[in-house]
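Please read the structure below before turning to the comments.
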Amino acid sequence: MAEDITHRRLLEHPPGFVFTTTELDQHRVSPPELATWSVITGNATALQRWKSHAQMAPWSREDERFYRGNLGSRVGGRYQLDKDSTDNVHGDVSGYRGHGVAWHYVAPCWFAAA
């Protein structure tokens, strides 16, 4: 069952899906990342509480290091886009790759900085 190709979609998740509420309560998630989330399902009040804290947190050296590394590795040329799996793409592979770079690597940095 684990080898079934349909399970590969489970790797695609909305931001925050991989964190536990305990990690959020303990402020173990990057505030600039958390501040950009919106609720899809679950407790909107809890998300707003975490977001409010995140939006008030000062930009840290760790935040800068993380986002500079993110941009540098993806946009600076070291990221190998052709290595990304296209198992779930059923059409425009180049469009998928452009979307991936823009929304998974560049946009989070931009939103976090804002």
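Within each chain, counting starts at residue 1; across the structure tokens, chains are named A, B, ... in the order shown, with ligands numbered 1 upward in that order.
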Next item on the list: Identify, on the basis of only C-alpha atoms, every residue whose closest approach to range 38-55 of chain A does not exceed 12 Å; exclude the query and any residue fewer than 2 positions from it along the same chain; express the result as a PyMOL selection string.
Entry: chain A and resi 13-17+20-36+57-60+63+111-114
Checklist line | Interatomic distance (Å, one decimal) between CA of Pro108 in chain A and CA of Trp37 in chain A | finding: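 CA of Trp37 in chain A lies 10.3 Å from CA of Pro108 in chain A.
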Checklist line | A:Met56, A:Val93, A:Val101, A:Val18 ranked by distance to Arg74 in chain A, top pick (using only C-alpha atoms) | finding: A:Val101
Next item on the list: Would you work out the distance separating CA of Leu81 in chain A from CA of Ala102 in chain A, expressed in Å to one decimal?
Entry: 11.9 Å
Next item on the list: Kindly give the distance, in Å, that separates CA of Tyr105 in chain A and CA of Phe66 in chain A, rounded to a single decimal.
Entry: 11.4 Å
Next item on the list: Rank nothing, just name the residue among A:Phe19, A:Asp92, A:Asp84, A:Trp110 nearest to Tyr67 in chain A, using only C-alpha atoms.
Entry: A:Trp110
Next item on the list: If you run DSSP over the backbone, which residues in range 80-110 of chain A end up helix (DSSP H, G or I)? Put them as a PyMOL selection string.
Entry: chain A and resi 81-83+93-110
